[in-house]
Amino acid sequence: MTLPLRRSAHSKVELLREKLLSAWARSDEIFAILPAHEMLTQPIVWRHPFIFYVGHLPAFSWNQVCGALLGWESCNSEFDELFCRGIDPDVDTGECHWHPDVPEEWPTLFQTIDYRDNVREQLLAAIEAISDSAASDVMAQNGRVFQMVLEHEAMHQETLLYMMQQLPLVKKLRSRIPLRYFFRPMHGSEMVRIPAGKARLGARFEALDFGWDNEFNQTIVDVPAFAIDSLPVTNGQYFEFVCSGAYEDARYWRAEDWRWKQLENKHAPTCWFKQGEGWFYRAMFDVFALSQVYGWPVYASLAEARAFAKWRGQRLPSEAEFHRAAFYGPDGVETSYPWGEESPEYHNGNFDFNSWSPVPVGSKPEGASRWGVFELFGNGWELTDSEFTPFAGFKPYIAGYPDYSQDFFDGKHFVLKGGSWATSADLLRPSFRNWYQAHYPYVFAKFRCVAN
Ligand SMILES: [Fe+2]
C-alpha cells in the first residue's frame with residue numbers, strides 16, 4: 001500500500017492519522033497477549049525483554065519525526081535514548097553493533113506506557129507540522145518519514161509475535177480475535193521450469209513512495225534457467241527428512257551449520273518438540289500433534305533448510321530466482337505481485353494478520369505466480385541462499401537512521417523475500433528485503449528447493 005500522493009493535503013493528513021492509529025491499535029493488541037508481569041521476560045536471548053519494545057516503538061518514531069526532522073524538544077530524552085535501538089547480535093559470537101547500555105532496571109510498564117502515549121499525541125501533531133513545513137529533507141517529503149515509522153512498527157509487530165511464539169502457552173493470554181485453523185491434507189508439489197531471463201532487483205528511488213536504503217538502486221540481472229518447487233516444503237516432508245536420520249548426519253550440513261546445530265543441541269525445527277514417543281507442534285496459542293499440521297509449511301532456519309535441500313540433491317533459490325519465479329511470467333512481463341497488479345487481498349495469500357498461524361500449503365491458489373508457483377507472498381517468508389549485500393548505487397539516505405542496513409552487510413545475513421501471516425500488507429512489494437542469520441531459528445520462514 002502506498003501513500004496517495006495525488007490526494008489533497010487535508011486528506012493526506014487524515015490518511016496518515018488513520019494509518020498511525022490503526023498501526024498502534026495492532027501493536028496494542030499484540031502486547032495484550034502478554035500479562036503485565038511477563039514484560040521482563042526475554043524468550044530469545046538475542047533480543048531484549050518485551051518491555052524494551054513497548055518503549056522502542058514510540059522512541060524510534062519520536063527520534064525520527066519530532067527529533068531529527070522537526071527539532072522539537074523532548075519531554076523525556078532519557079527514554080528517547082534508552083529505547084532508541086534494539087539488539088541483533090551475531091548468534092555465533094555474541095558480538096553486537098552499538099546500542100544503548102542495558103539498564104540495571106528497566107522502567108516500569110506504567111512509566112513506559114505513559115511515555116508512549118505522550119509520543120503518540122505529539123506524532124499526530126507532527127503530521128500537520130511536517131506537511132506545513134517547506135521540507136528540504138527528503139524524509140519530510142511525501143510523508144516518507146511516516147511511512148518509515150509505520151513500516152518499522154509493522155516489522156516489530158512480527159518480531160514480537162515470533163518472540164511470543166517461543167513462550168509457553170501458559171504465559172500468554174489468548175487473542176480476543178477468534179482463532180481459526182485449517183488442516184486439510186497437503187497438496188502435491190511439482191517442479192516448475194522457469195526459462196533463463198532477466199530479473200529486476202531493487203527499485204528506482206523515484207518509483208517508491210518510501211523504500212529502505214537497501215532496496216536501492218534498481219539492479220537488472222540475468223538469471224539462468226532453473227526449476228523450482230511449486231509449493232514450499234511442509235512439516236510432513238521435513239518430518240520424513242528427520243525420520244531418515246539425515247538431520248543427524250553431518251554429510252548433509254555445511255560445516256559451520258553442523259557446528260551450530262551440535263552446539264545448540266538441535267534435533268528438529270524450533271516449533272517442534274518431542275514428548276514421549278510423540279512429536280508436537282507449538283503454534284502461538286495451541287499445541288497440535290505434528291501429524292495434524294503436516295500440511296503447514298515447515299518454519300526453519302537457513303541452516304536447516306540447506307541441509308534438507310542437500311538431502312534432496314537440490315539447493316535453495318537465490319534472491320534473483322525468487323524474483324523470476326514471483327514477478328515474471330511466460331510473456332516476459334513483470335508484475336507488482338505474483339498474481340498480477342491487484343492489491344494484496346485475503347484470497348491472494350496468508351498475510352497481513354489474517355490468521356494467527358500458517359495454513360496448509362496451496363490453500364491460496366489465486367495468489368500463484370503466472371508460472372504456477374504458489375504462495376511466494378504469505379504463509380511464511382521465503383528463505384534464499386543469497387547473502388544480504390548492497391545493490392550498486394547503495395547509499396544510506398535516511399539521515400536519522402544511517403546504519404539501518406550497513407551493519408548487516410557482514411556476510412552472515414541472508415535475504416528473505418515474501419512475507420508471513422504476521423507481515424503487514426504494506427511490506428509486500430517486490431523490492432522489500434528481509435534478512436536474518438543462517439543460525440537464527442525463530443523466524444516465520446519457510447523454503448522451497450530449486451534445481452538447475
Ligand atoms: Fe527497531
# chains A, B, ... in the order shown; residues from 1 in each chain; ligands from 1
call {"tool": "residues_around", "arguments": {"residues": "A:His97", "least_positions_apart": "3", "cutoff": "9 Å", "atoms": "only C-alpha atoms", "output": "PyMOL selection string"}}
result
chain A and resi 87-90+407
call {"tool": "write_last_selection", "arguments": {"atoms": "N, CA, C and O atoms", "output": "mmCIF file, in the first residue's frame"}}
result
data_model
loop_
_atom_site.group_PDB
_atom_site.id
_atom_site.type_symbol
_atom_site.label_atom_id
_atom_site.label_comp_id
_atom_site.auth_asym_id
_atom_site.auth_seq_id
_atom_site.Cartn_x
_atom_site.Cartn_y
_atom_site.Cartn_z
ATOM 1 N N ILE A 87 18.753 -4.801 19.829
ATOM 2 C CA ILE A 87 19.970 -5.598 19.618
ATOM 3 C C ILE A 87 19.703 -6.668 18.566
ATOM 4 O O ILE A 87 18.580 -7.131 18.402
ATOM 5 N N ASP A 88 20.758 -7.037 17.867
ATOM 6 C CA ASP A 88 20.690 -8.111 16.881
ATOM 7 C C ASP A 88 22.090 -8.700 16.766
ATOM 8 O O ASP A 88 22.779 -8.515 15.769
ATOM 9 N N PRO A 89 22.553 -9.381 17.821
ATOM 10 C CA PRO A 89 23.945 -9.826 17.842
ATOM 11 C C PRO A 89 24.226 -10.943 16.846
ATOM 12 O O PRO A 89 23.310 -11.621 16.375
ATOM 13 N N ASP A 90 25.498 -11.124 16.563
ATOM 14 C CA ASP A 90 25.953 -12.284 15.805
ATOM 15 C C ASP A 90 25.672 -13.507 16.684
ATOM 16 O O ASP A 90 26.199 -13.613 17.799
ATOM 17 N N ASP A 407 25.149 -2.251 8.970
ATOM 18 C CA ASP A 407 25.731 -3.158 9.966
ATOM 19 C C ASP A 407 25.510 -4.625 9.594
ATOM 20 O O ASP A 407 26.136 -5.508 10.182
#
call {"tool": "residues_around", "arguments": {"residues": "A:Ala125", "least_positions_apart": "5", "cutoff": "12 Å", "atoms": "only C-alpha atoms", "output": "PDB file with N, CA, C and O atoms, in the first residue's frame"}}
result
ATOM      1  N   VAL A  13      -3.229  14.156   5.380  1.00  0.00           N
ATOM      2  CA  VAL A  13      -3.060  14.237   6.828  1.00  0.00           C
ATOM      3  C   VAL A  13      -4.011  13.260   7.507  1.00  0.00           C
ATOM      4  O   VAL A  13      -3.631  12.503   8.408  1.00  0.00           O
ATOM      5  N   GLU A  14      -5.249  13.259   7.039  1.00  0.00           N
ATOM      6  CA  GLU A  14      -6.249  12.357   7.625  1.00  0.00           C
ATOM      7  C   GLU A  14      -5.843  10.897   7.440  1.00  0.00           C
ATOM      8  O   GLU A  14      -5.973  10.071   8.334  1.00  0.00           O
ATOM      9  N   LEU A  16      -2.838   9.616   6.987  1.00  0.00           N
ATOM     10  CA  LEU A  16      -1.701   9.260   7.838  1.00  0.00           C
ATOM     11  C   LEU A  16      -2.144   9.053   9.275  1.00  0.00           C
ATOM     12  O   LEU A  16      -1.701   8.142   9.960  1.00  0.00           O
ATOM     13  N   ARG A  17      -3.044   9.917   9.711  1.00  0.00           N
ATOM     14  CA  ARG A  17      -3.578   9.809  11.062  1.00  0.00           C
ATOM     15  C   ARG A  17      -4.254   8.446  11.249  1.00  0.00           C
ATOM     16  O   ARG A  17      -3.994   7.738  12.213  1.00  0.00           O
ATOM     17  N   LEU A  20      -1.633   5.646  11.345  1.00  0.00           N
ATOM     18  CA  LEU A  20      -0.916   5.564  12.620  1.00  0.00           C
ATOM     19  C   LEU A  20      -1.804   4.955  13.698  1.00  0.00           C
ATOM     20  O   LEU A  20      -1.392   4.064  14.434  1.00  0.00           O
ATOM     21  N   TRP A  62       9.533   9.007  17.699  1.00  0.00           N
ATOM     22  CA  TRP A  62       9.860  10.350  18.186  1.00  0.00           C
ATOM     23  C   TRP A  62      11.191  10.821  17.595  1.00  0.00           C
ATOM     24  O   TRP A  62      11.311  11.920  17.057  1.00  0.00           O
ATOM     25  N   VAL A  65      10.845  11.494  13.679  1.00  0.00           N
ATOM     26  CA  VAL A  65       9.916  12.533  13.209  1.00  0.00           C
ATOM     27  C   VAL A  65      10.118  13.836  13.976  1.00  0.00           C
ATOM     28  O   VAL A  65      10.450  14.862  13.399  1.00  0.00           O
ATOM     29  N   CYS A  66       9.917  13.783  15.277  1.00  0.00           N
ATOM     30  CA  CYS A  66       9.912  15.023  16.061  1.00  0.00           C
ATOM     31  C   CYS A  66      11.324  15.492  16.362  1.00  0.00           C
ATOM     32  O   CYS A  66      11.583  16.691  16.410  1.00  0.00           O
ATOM     33  N   LEU A  70      11.878  17.619  12.918  1.00  0.00           N
ATOM     34  CA  LEU A  70      11.241  18.856  13.377  1.00  0.00           C
ATOM     35  C   LEU A  70      12.054  19.593  14.447  1.00  0.00           C
ATOM     36  O   LEU A  70      11.803  20.767  14.719  1.00  0.00           O
ATOM     37  N   TRP A  72      11.969  19.228  17.625  1.00  0.00           N
ATOM     38  CA  TRP A  72      11.180  19.576  18.806  1.00  0.00           C
ATOM     39  C   TRP A  72      11.931  19.178  20.075  1.00  0.00           C
ATOM     40  O   TRP A  72      12.736  18.253  20.058  1.00  0.00           O
ATOM     41  N   ASN A 118       2.380   9.836  25.379  1.00  0.00           N
ATOM     42  CA  ASN A 118       2.858  11.193  25.139  1.00  0.00           C
ATOM     43  C   ASN A 118       3.397  11.354  23.724  1.00  0.00           C
ATOM     44  O   ASN A 118       3.077  12.307  23.014  1.00  0.00           O
ATOM     45  N   VAL A 119       4.219  10.387  23.331  1.00  0.00           N
ATOM     46  CA  VAL A 119       4.821  10.434  21.996  1.00  0.00           C
ATOM     47  C   VAL A 119       3.723  10.337  20.933  1.00  0.00           C
ATOM     48  O   VAL A 119       3.735  11.072  19.942  1.00  0.00           O
ATOM     49  N   ARG A 120       2.771   9.447  21.151  1.00  0.00           N
ATOM     50  CA  ARG A 120       1.715   9.279  20.149  1.00  0.00           C
ATOM     51  C   ARG A 120       0.966  10.596  19.913  1.00  0.00           C
ATOM     52  O   ARG A 120       0.674  10.955  18.778  1.00  0.00           O
ATOM     53  N   ILE A 130       4.769  18.688   9.692  1.00  0.00           N
ATOM     54  CA  ILE A 130       5.683  18.311   8.605  1.00  0.00           C
ATOM     55  C   ILE A 130       5.078  18.671   7.265  1.00  0.00           C
ATOM     56  O   ILE A 130       5.746  19.179   6.376  1.00  0.00           O
ATOM     57  N   SER A 131       3.765  18.458   7.111  1.00  0.00           N
ATOM     58  CA  SER A 131       3.197  18.765   5.805  1.00  0.00           C
ATOM     59  C   SER A 131       3.148  20.273   5.572  1.00  0.00           C
ATOM     60  O   SER A 131       3.151  20.729   4.440  1.00  0.00           O
ATOM     61  N   ASP A 132       3.136  21.077   6.655  1.00  0.00           N
ATOM     62  CA  ASP A 132       3.141  22.537   6.511  1.00  0.00           C
ATOM     63  C   ASP A 132       4.534  23.086   6.223  1.00  0.00           C
ATOM     64  O   ASP A 132       4.689  24.142   5.646  1.00  0.00           O
TER      65      ASP A 132
END
call {"tool": "atom_distance", "arguments": {"atom1": "atom CA of A:Gln64", "atom2": "atom CA of A:Pro43"}}
result
28.4 Å
call {"tool": "residues_around", "arguments": {"residues": "A:Lys417", "least_positions_apart": "3", "cutoff": "12 Å", "atoms": "only C-alpha atoms", "output": "ChimeraX atom specification"}}
result
/A:201-202,317-323,325-326,375-386,388,414,420,423,427-436,444-447
call {"tool": "write_last_selection", "arguments": {"atoms": "C-alpha atoms", "output": "compact mmCIF listing (two decimals), in the first residue's frame"}}
result
# COMPACT_ATOMS: atom_id res chain seq x y z
CA LEU A 201 16.01 -6.45 -8.13
CA GLY A 202 15.58 -3.37 -6.00
CA PRO A 317 16.80 -20.39 -4.51
CA SER A 318 18.74 -17.17 -4.89
CA GLU A 319 17.17 -13.75 -4.43
CA ALA A 320 17.17 -13.32 -8.23
CA GLU A 321 15.48 -16.69 -8.76
CA PHE A 322 12.78 -15.70 -6.30
CA HIS A 323 12.16 -12.58 -8.40
CA ALA A 325 9.53 -17.07 -10.09
CA ALA A 326 7.39 -14.40 -8.42
CA GLU A 375 2.41 -18.67 -2.12
CA LEU A 376 5.58 -16.73 -2.78
CA PHE A 377 3.91 -13.96 -0.76
CA GLY A 378 2.43 -15.03 2.57
CA ASN A 379 2.27 -18.10 4.86
CA GLY A 380 5.98 -17.65 5.77
CA TRP A 381 8.96 -15.69 4.48
CA GLU A 382 10.88 -17.45 1.72
CA LEU A 383 14.47 -18.26 2.62
CA THR A 384 17.03 -17.59 -0.09
CA ASP A 385 20.70 -18.51 -0.05
CA SER A 386 21.70 -15.03 -1.23
CA PHE A 388 22.40 -9.70 2.13
CA PHE A 414 20.87 -13.72 4.07
CA SER A 420 4.33 -14.47 6.61
CA THR A 423 3.61 -9.49 7.77
CA LEU A 427 5.59 -4.58 3.22
CA LEU A 428 4.51 -6.72 0.28
CA ARG A 429 6.39 -5.10 -2.57
CA PRO A 430 8.89 -6.71 -4.93
CA SER A 431 11.88 -4.72 -3.69
CA PHE A 432 11.31 -5.27 0.06
CA ARG A 433 14.14 -7.37 1.55
CA ASN A 434 14.18 -9.01 4.94
CA TRP A 435 17.41 -10.53 6.31
CA TYR A 436 18.48 -12.96 9.01
CA PHE A 444 8.23 -17.45 10.46
CA ALA A 445 10.30 -18.54 7.46
CA LYS A 446 9.63 -21.36 5.04
CA PHE A 447 11.57 -22.55 2.00
call {"tool": "select_by_dssp", "arguments": {"residues": "stretch 15-217 of chain A", "states": "strand (DSSP E or B)", "output": "ChimeraX atom specification"}}
result
/A:191-194,197-201
call {"tool": "select_by_dssp", "arguments": {"residues": "stretch 22-249 of chain A", "states": "helix (DSSP H, G or I)", "output": "PyMOL selection string"}}
result
chain A and resi 22-31+36-38+50-69+77-82+109-132+138-165+169-171+205-207+213-215+235-243+246-248
call {"tool": "residues_around", "arguments": {"residues": "A:Thr219", "least_positions_apart": "3", "cutoff": "10 Å", "atoms": "only C-alpha atoms", "output": "list of chain:residue names"}}
result
A:Ala199, A:Arg200, A:Leu201, A:Gly202, A:Ala203, A:Arg204, A:Glu215, A:Phe216, A:Phe391, A:Ala392, A:Gly393
call {"tool": "residues_near_ligand", "arguments": {"ligand": "ligand 1", "cutoff": "9 Å", "atoms": "only C-alpha atoms and all ligand atoms", "output": "PDB file with N, CA, C and O atoms, in the first residue's frame"}}
result
ATOM      1  N   TYR A  53      10.520  -3.167  23.879  1.00  0.00           N
ATOM      2  CA  TYR A  53       9.802  -2.889  22.627  1.00  0.00           C
ATOM      3  C   TYR A  53       8.583  -1.993  22.857  1.00  0.00           C
ATOM      4  O   TYR A  53       8.186  -1.261  21.961  1.00  0.00           O
ATOM      5  N   HIS A  56      10.440   1.094  22.641  1.00  0.00           N
ATOM      6  CA  HIS A  56      11.209   1.319  21.415  1.00  0.00           C
ATOM      7  C   HIS A  56      10.335   1.868  20.283  1.00  0.00           C
ATOM      8  O   HIS A  56      10.784   2.751  19.539  1.00  0.00           O
ATOM      9  N   LEU A  57       9.121   1.355  20.139  1.00  0.00           N
ATOM     10  CA  LEU A  57       8.280   1.806  19.013  1.00  0.00           C
ATOM     11  C   LEU A  57       8.034   3.315  19.088  1.00  0.00           C
ATOM     12  O   LEU A  57       8.271   4.025  18.114  1.00  0.00           O
ATOM     13  N   PHE A  60      11.576   5.296  18.662  1.00  0.00           N
ATOM     14  CA  PHE A  60      12.039   5.370  17.270  1.00  0.00           C
ATOM     15  C   PHE A  60      11.250   6.438  16.520  1.00  0.00           C
ATOM     16  O   PHE A  60      11.811   7.266  15.804  1.00  0.00           O
ATOM     17  N   CYS A  84      16.207   3.759  22.031  1.00  0.00           N
ATOM     18  CA  CYS A  84      16.375   4.157  20.623  1.00  0.00           C
ATOM     19  C   CYS A  84      16.727   2.997  19.706  1.00  0.00           C
ATOM     20  O   CYS A  84      16.345   2.977  18.555  1.00  0.00           O
ATOM     21  N   ARG A  85      17.479   2.035  20.180  1.00  0.00           N
ATOM     22  CA  ARG A  85      17.902   0.963  19.275  1.00  0.00           C
ATOM     23  C   ARG A  85      17.969  -0.373  19.996  1.00  0.00           C
ATOM     24  O   ARG A  85      18.471  -0.463  21.111  1.00  0.00           O
ATOM     25  N   GLY A  86      17.498  -1.423  19.333  1.00  0.00           N
ATOM     26  CA  GLY A  86      17.493  -2.761  19.912  1.00  0.00           C
ATOM     27  C   GLY A  86      18.795  -3.492  19.634  1.00  0.00           C
ATOM     28  O   GLY A  86      19.803  -2.885  19.264  1.00  0.00           O
ATOM     29  N   ILE A  87      18.753  -4.801  19.829  1.00  0.00           N
ATOM     30  CA  ILE A  87      19.970  -5.598  19.618  1.00  0.00           C
ATOM     31  C   ILE A  87      19.703  -6.668  18.566  1.00  0.00           C
ATOM     32  O   ILE A  87      18.580  -7.131  18.402  1.00  0.00           O
ATOM     33  N   HIS A 152       8.390   0.371  10.218  1.00  0.00           N
ATOM     34  CA  HIS A 152       9.192  -0.056  11.366  1.00  0.00           C
ATOM     35  C   HIS A 152       8.283  -0.718  12.407  1.00  0.00           C
ATOM     36  O   HIS A 152       8.579  -1.780  12.946  1.00  0.00           O
ATOM     37  N   GLU A 153       7.137  -0.084  12.656  1.00  0.00           N
ATOM     38  CA  GLU A 153       6.179  -0.635  13.633  1.00  0.00           C
ATOM     39  C   GLU A 153       5.693  -2.015  13.157  1.00  0.00           C
ATOM     40  O   GLU A 153       5.650  -2.965  13.918  1.00  0.00           O
ATOM     41  N   MET A 155       7.181  -4.156  11.167  1.00  0.00           N
ATOM     42  CA  MET A 155       8.220  -5.190  11.259  1.00  0.00           C
ATOM     43  C   MET A 155       8.385  -5.665  12.700  1.00  0.00           C
ATOM     44  O   MET A 155       8.569  -6.848  12.963  1.00  0.00           O
ATOM     45  N   HIS A 156       8.302  -4.715  13.648  1.00  0.00           N
ATOM     46  CA  HIS A 156       8.420  -5.125  15.051  1.00  0.00           C
ATOM     47  C   HIS A 156       7.216  -5.932  15.503  1.00  0.00           C
ATOM     48  O   HIS A 156       7.333  -6.804  16.367  1.00  0.00           O
TER      49      HIS A 156
END
call {"tool": "atom_distance", "arguments": {"atom1": "atom CA of A:Gly419", "atom2": "atom CA of A:Glu304"}}
result
19.0 Å
